[in-house]
$ cat run_23.cif   # mmCIF, C-alpha atoms and all ligand atoms
data_input
loop_
_atom_site.label_atom_id
_atom_site.label_comp_id
_atom_site.auth_asym_id
_atom_site.auth_seq_id
_atom_site.Cartn_x
_atom_site.Cartn_y
_atom_site.Cartn_z
CA MET A 1 19.03 29.41 -20.12
CA THR A 2 17.72 31.33 -17.10
CA ARG A 3 14.94 32.68 -19.30
CA LEU A 4 14.00 29.16 -20.36
CA ILE A 5 13.84 28.01 -16.73
CA THR A 6 11.70 31.02 -15.85
CA LEU A 7 9.30 30.25 -18.67
CA ALA A 8 9.16 26.61 -17.59
CA THR A 9 8.37 27.69 -14.01
CA ILE A 10 5.60 29.99 -15.19
CA ALA A 11 4.15 27.20 -17.33
CA LEU A 12 4.24 24.86 -14.34
CA LEU A 13 2.52 27.42 -12.10
CA LEU A 14 -0.17 28.01 -14.72
CA SER A 15 -0.80 24.29 -15.04
CA CYS A 16 -1.11 23.99 -11.25
CA ASN A 17 -3.58 26.86 -11.30
CA THR A 18 -5.87 25.14 -13.76
CA LYS A 19 -6.02 22.18 -11.38
CA ASN A 20 -7.40 24.51 -8.68
CA GLU A 21 -4.27 24.06 -6.62
CA TYR A 22 -4.69 27.65 -5.41
CA LYS A 23 -8.38 27.38 -4.63
CA MET A 24 -9.72 30.54 -2.98
CA GLU A 25 -10.44 30.42 0.72
CA THR A 26 -14.14 31.16 1.23
CA ARG A 27 -14.52 30.72 5.00
CA SER A 28 -15.93 33.90 6.55
CA ILE A 29 -13.59 35.88 8.79
CA PHE A 30 -16.46 37.39 10.82
CA PRO A 31 -19.17 35.80 12.96
CA LYS A 32 -22.69 35.80 11.54
CA GLY A 33 -23.93 37.97 14.42
CA VAL A 34 -27.55 38.49 15.41
CA GLU A 35 -30.71 38.17 13.31
CA LEU A 36 -32.09 41.36 11.73
CA PRO A 37 -35.79 42.34 12.07
CA LYS A 38 -38.23 40.81 9.56
CA GLU A 39 -39.77 44.29 9.38
CA TRP A 40 -36.89 45.47 7.11
CA PHE A 41 -35.73 42.22 5.50
CA THR A 42 -37.32 39.32 3.63
CA GLY A 43 -35.87 35.95 4.65
CA ASN A 44 -33.11 35.34 7.18
CA THR A 45 -30.50 38.07 7.57
CA PHE A 46 -27.87 38.71 10.24
CA ILE A 47 -25.75 41.67 11.38
CA PHE A 48 -22.30 41.70 12.97
CA PRO A 49 -21.51 45.36 13.83
CA LEU A 50 -17.95 46.57 13.14
CA VAL A 51 -17.91 50.36 13.65
CA SER A 52 -20.53 52.67 15.17
CA LYS A 53 -21.08 56.36 14.37
CA ASP A 54 -19.00 58.40 16.79
CA LYS A 55 -17.27 61.79 17.12
CA ASN A 56 -14.96 61.02 14.16
CA ASN A 57 -16.98 58.67 11.94
CA GLU A 58 -20.13 59.91 10.22
CA PHE A 59 -20.99 56.34 9.25
CA SER A 60 -21.57 52.89 10.68
CA ALA A 61 -20.05 49.71 9.30
CA GLY A 62 -21.18 46.13 9.76
CA VAL A 63 -21.22 42.71 8.16
CA VAL A 64 -24.66 41.74 6.85
CA THR A 65 -25.20 38.08 5.97
CA PHE A 66 -28.15 37.05 3.78
CA GLU A 67 -29.19 33.40 3.60
CA PRO A 68 -30.25 32.21 0.11
CA LYS A 69 -33.29 34.20 -1.19
CA ALA A 70 -32.99 36.75 1.64
CA ARG A 71 -32.96 40.46 0.74
CA THR A 72 -33.60 43.93 2.07
CA LEU A 73 -36.81 45.87 1.43
CA TRP A 74 -36.52 48.59 -1.20
CA HIS A 75 -34.85 51.51 0.59
CA THR A 76 -32.78 54.70 0.27
CA HIS A 77 -29.83 56.18 2.19
CA PRO A 78 -29.79 59.98 2.69
CA LYS A 79 -25.96 60.14 2.27
CA GLY A 80 -25.33 56.93 0.33
CA GLN A 81 -23.77 53.58 1.18
CA VAL A 82 -20.84 51.38 0.13
CA LEU A 83 -21.14 47.58 0.01
CA ILE A 84 -18.07 45.30 -0.07
CA VAL A 85 -19.01 41.70 -0.81
CA ILE A 86 -16.90 39.35 1.31
CA GLU A 87 -18.65 36.04 0.77
CA GLY A 88 -20.94 34.27 -1.69
CA GLU A 89 -23.11 35.60 -4.51
CA GLY A 90 -25.84 38.18 -4.46
CA LEU A 91 -27.94 40.74 -6.29
CA TYR A 92 -28.05 44.52 -6.25
CA GLN A 93 -30.75 46.51 -8.01
CA GLU A 94 -31.58 50.17 -8.41
CA LYS A 95 -35.17 51.13 -9.25
CA GLY A 96 -35.72 51.18 -13.01
CA TYR A 97 -32.50 49.30 -13.88
CA PRO A 98 -31.65 45.60 -14.37
CA ALA A 99 -30.26 43.85 -11.29
CA ARG A 100 -26.53 43.49 -10.99
CA TYR A 101 -25.01 40.12 -10.05
CA ILE A 102 -22.45 40.64 -7.28
CA ARG A 103 -19.98 38.25 -5.67
CA GLN A 104 -17.05 38.10 -3.25
CA GLY A 105 -14.70 41.01 -3.95
CA ASP A 106 -17.25 43.27 -5.65
CA VAL A 107 -17.79 46.82 -4.42
CA VAL A 108 -21.05 48.76 -4.87
CA ASN A 109 -21.08 52.53 -4.37
CA ILE A 110 -24.67 53.73 -3.84
CA SER A 111 -25.60 57.39 -4.27
CA GLU A 112 -27.76 59.34 -1.87
CA ASP A 113 -31.55 58.96 -2.12
CA THR A 114 -31.28 56.15 -4.71
CA GLU A 115 -34.03 53.55 -4.31
CA HIS A 116 -32.45 50.06 -4.26
CA TRP A 117 -32.23 46.66 -2.60
CA HIS A 118 -29.54 44.06 -1.99
CA GLY A 119 -29.57 40.39 -1.09
CA ALA A 120 -28.43 36.84 -1.75
CA THR A 121 -29.10 34.84 -4.90
CA ALA A 122 -31.58 31.97 -4.68
CA ASN A 123 -28.79 29.39 -4.36
CA SER A 124 -26.05 31.13 -2.40
CA GLN A 125 -25.58 32.90 0.89
CA MET A 126 -24.08 36.40 0.51
CA ALA A 127 -22.24 38.50 3.08
CA HIS A 128 -21.21 42.13 2.56
CA ILE A 129 -19.67 44.81 4.69
CA ALA A 130 -22.08 47.77 4.59
CA ILE A 131 -20.62 51.23 5.23
CA THR A 132 -23.58 53.56 5.68
CA ASN A 133 -23.27 57.32 6.01
CA TYR A 134 -25.48 59.41 8.25
CA ARG A 135 -27.26 62.68 7.55
CA GLU A 136 -27.66 63.86 11.14
CA GLU A 137 -29.26 60.84 12.83
CA GLU A 138 -30.73 59.28 9.66
CA GLN A 139 -29.04 56.60 7.56
CA VAL A 140 -31.87 54.65 5.91
CA THR A 141 -35.50 55.05 4.81
CA TRP A 142 -37.29 51.71 4.44
CA LEU A 143 -39.87 51.38 1.64
CA GLN A 144 -41.90 48.43 0.26
CA PRO A 145 -40.77 44.75 0.14
CA VAL A 146 -39.07 43.31 -2.96
CA THR A 147 -41.83 41.01 -4.22
CA ASP A 148 -41.10 37.41 -5.25
CA ASP A 149 -41.85 38.47 -8.83
CA GLU A 150 -39.31 41.33 -8.68
CA TYR A 151 -36.79 39.02 -7.03
CA MET A 152 -37.15 36.28 -9.65
CA LYS A 153 -36.87 38.77 -12.52
CA ALA A 154 -33.72 40.18 -10.91
CA GLY A 155 -32.18 36.73 -10.57
CA GLY A 156 -32.83 36.04 -14.23
CA GLN A 157 -30.69 38.93 -15.37
CA PRO A 158 -27.13 38.40 -14.14
CA ILE A 159 -24.70 40.83 -15.74
CA ARG A 160 -21.86 38.29 -15.90
MN MN A 201 -28.69 49.80 1.00
#
$ encode --input "run_23.cif" --output "structure tokens"
Amino acid sequence: MTRLITLATIALLLSCNTKNEYKMETRSIFPKGVELPKEWFTGNTFIFPLVSKDKNNEFSAGVVTFEPKARTLWHTHPKGQVLIVIEGEGLYQEKGYPARYIRQGDVVNISEDTEHWHGATANSQMAHIAITNYREEEQVTWLQPVTDDEYMKAGGQPIR
């Protein structure tokens, strides 16, 4: 009898779920912060710093928010970078590979000296926490912009 009730409860919960009763909260928990320089980003991007490099931490961490179509230039990190997507949908691409579609909850672990870019999709804002390691005082080398052609091709190849 207990087992039957349990099964009935599970069935009820599942049916609630399909009605989006437990819709995910998407409101950002961090402020958008200040606008980032157009020199390094295409479109409108913002930074809200979380942690600075100090005597214990050989990295900085911050929330970067990309408005739709906004993205970084192509760039590399001398000791790599970790991205944790906290809001929206975006794209991540390494040179020579198809772009990867990323969304809230995805984690990207970027190796040292790997040429790449990250940004929002054309229709969604995307915010990620970026944890960027330092090699001495360096943490990024900026390269050329991601062209509209490269960006559109990337958006046409979502991996899921
Ligand atoms: Mn990067």
$ closest_residue --input "run_23.cif" --among "A:Lys53, A:Lys79, A:Lys32, A:Lys69" --to "ligand MN 201 (chain A)" --atoms "all atoms listed in the file"
A:Lys79
$ closest_residue --input "run_23.cif" --among "A:Asn109, A:Thr141, A:Asn44, A:Thr76" --to "Ile129 (chain A)" --atoms "all atoms listed in the file"
A:Asn109
$ residues_near_ligand --input "run_23.cif" --ligand "ligand MN 201 (chain A)" --cutoff "7 Å" --atoms "all atoms listed in the file" --output "number ranges by chain"
A: 75-77, 81, 116-118
$ write_last_selection --input "run_23.cif" --atoms "C-alpha atoms" --output "compact mmCIF listing (two decimals), keeping the file's coordinate frame"
# COMPACT_ATOMS: atom_id res chain seq x y z
CA HIS A 75 -34.85 51.51 0.59
CA THR A 76 -32.78 54.70 0.27
CA HIS A 77 -29.83 56.18 2.19
CA GLN A 81 -23.77 53.58 1.18
CA HIS A 116 -32.45 50.06 -4.26
CA TRP A 117 -32.23 46.66 -2.60
CA HIS A 118 -29.54 44.06 -1.99
$ closest_residue --input "run_23.cif" --among "A:Ser52, A:Ser111, A:Thr121, A:Asn57" --to "Glu94 (chain A)" --atoms "only C-alpha atoms"
A:Ser111
$ axis_aligned_box --input "run_23.cif" --around "region 72-91 of chain A" --padding-each-side "3 Å" --output "lines of an AutoDock Vina configuration file"
center_x = -26.9
center_y = 47.2
center_z = -1.8
size_x = 25.9
size_y = 31.9
size_z = 15.0
$ residues_around --input "run_23.cif" --residues "Leu73 (chain A)" --least-positions-apart "6" --cutoff "8 Å" --atoms "all atoms listed in the file" --output "MDAnalysis selection string"
chainID A and resid 40:42 117 142:146
$ closest_residue --input "run_23.cif" --among "A:Leu50, A:Ile84, A:Ala154, A:Val63" --to "Val107 (chain A)" --atoms "all atoms listed in the file"
A:Ile84
$ residues_around --input "run_23.cif" --residues "Leu36 (chain A)" --least-positions-apart "3" --cutoff "7 Å" --atoms "all atoms listed in the file" --output "list in words"
Thr45, Phe46 and Ile47 of chain A
$ closest_residue --input "run_23.cif" --among "A:His128, A:Arg100, A:Lys95, A:Arg71" --to "Pro49 (chain A)" --atoms "all atoms listed in the file"
A:His128
$ closest_residue --input "run_23.cif" --among "A:Ala70, A:Tyr101, A:Gly88, A:Pro31" --to "Asp148 (chain A)" --atoms "all atoms listed in the file"
A:Ala70
$ atom_distance --input "run_23.cif" --atom1 "CA of Gly90 (chain A)" --atom2 "CA of Val51 (chain A)"
23.2 Å
$ residues_around --input "run_23.cif" --residues "Arg135 (chain A)" --least-positions-apart "2" --cutoff "7 Å" --atoms "all atoms listed in the file" --output "JSON list (two decimals) with C-alpha atoms, in the coordinates of the input"
[["chain", "number", "residue", "atom", "x", "y", "z"],
["A", 78, "PRO", "CA", -29.79, 59.98, 2.69],
["A", 79, "LYS", "CA", -25.96, 60.14, 2.27],
["A", 133, "ASN", "CA", -23.27, 57.32, 6.01],
["A", 137, "GLU", "CA", -29.26, 60.84, 12.83],
["A", 138, "GLU", "CA", -30.73, 59.28, 9.66],
["A", 139, "GLN", "CA", -29.04, 56.60, 7.56]]
$ residues_near_point --input "run_23.cif" --point "(-18.5, 49.4, -2.1)" --cutoff "12 Å" --atoms "all atoms listed in the file" --output "PyMOL selection string"
chain A and resi 61+80-86+92+102-111+128-132
$ atom_distance --input "run_23.cif" --atom1 "CA of Thr147 (chain A)" --atom2 "CA of Thr72 (chain A)"
10.8 Å
$ atom_distance --input "run_23.cif" --atom1 "CA of Phe59 (chain A)" --atom2 "CA of Tyr134 (chain A)"
5.5 Å
$ residues_near_point --input "run_23.cif" --point "(-29.7, 32.3, -4.1)" --cutoff "9 Å" --atoms "all atoms listed in the file" --output "list in words"
Glu67, Pro68, Lys69, Ala70, Glu89, Gly90, Leu91, Gly119, Ala120, Thr121, Ala122, Asn123, Ser124, Gln125, Met126 and Gly155 of chain A
